[in-house]
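Q: First the structure, then my questions, so here it is.
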Amino acid sequence: MQELTDSLNSPTVPSRIPKDIALEIVELYPYIEYMKYLLPGSIALAMFVSVMIGGGMLYIDDKARGVHEGFLVTPITKLELVLGLNAAGSIKAVLSGVVITTIGSLLAE
């Protein structure tokens, strides 16, 4: 009877609680350097600011200074004027994006 009681009291499954406490580093995502992490956001921000300042803000500033009236004397419509300013801002944005991409990729290597 003692053997039966001992066999029932002794666990057949090993304990799940480890005897020694150990810390393990678990990486859910692959390691990305900080520069590579910031690069896409910096490119998008530079392009957005270039379009905003080069396109819309320039038109508002020209209108406040009165330069806008000089543009309206020319034989173009308001739509062509706004589209031209936005196209110029977009070209500046693409150029700034290319420059930042080039410099960032050289620094992030």
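We name chains A, B, ... following the order of the structure tokens; residues begin at 1 in each chain, and ligands are numbered from 1 as shown.
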DSSP on the backbone, helix (DSSP H, G or I) only: what residues of chain A does that give? Format it as JSON, numbers by chain.

A: {"A": [2, 3, 4, 5, 6, 7, 8, 9, 34, 35, 36, 37, 38, 39, 40, 41, 42, 43, 44, 45, 46, 47, 48, 49, 50, 51, 52, 53, 54, 55, 56, 57, 58, 59, 60, 61, 62, 63, 64, 65, 67, 68, 69, 70, 71, 72, 73, 78, 79, 80, 81, 82, 83, 84, 85, 86, 87, 88, 89, 90, 91, 92, 93, 94, 95, 96, 97, 98, 99, 100, 101, 102, 103, 104, 105, 106, 107, 108]}

Q: Env of Leu83 (chain A): 12 Å cut, atoms = only C-alpha atoms, seq-sep filter 6 positions within chain, self excluded. Answer as an MDAnalysis selection string.

A: chainID A and resid 51 54:56 59 76:77 89:90

Q: Check the smallest atom-to-atom distance from each of A:Arg16, A:Met35, A:Ala22, A:Glu27 to Leu106 (chain A) using only C-alpha atoms, then report the winner.

A: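 Smallest distance to Leu106 (chain A) is found for A:Met35.
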
Q: In Å, how far is it from CA of Ala44 (chain A) to CA of Gly84 (chain A)?

A: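 Separation of CA of Ala44 (chain A) and CA of Gly84 (chain A): 21.8 Å.
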
Q: Might you pull out every residue within 10 Å of Ser96 (chain A), with only C-alpha atoms counted and same-chain residues fewer than 5 positions away left off, and present them as a PyMOL selection string?

A: chain A and resi 43-44+46-47+49-50+90-91+101-102

Q: Just the number, please: distance in Å from CA of Leu95 (chain A) to CA of Leu107 (chain A), one decimal.

A: 18.4 Å
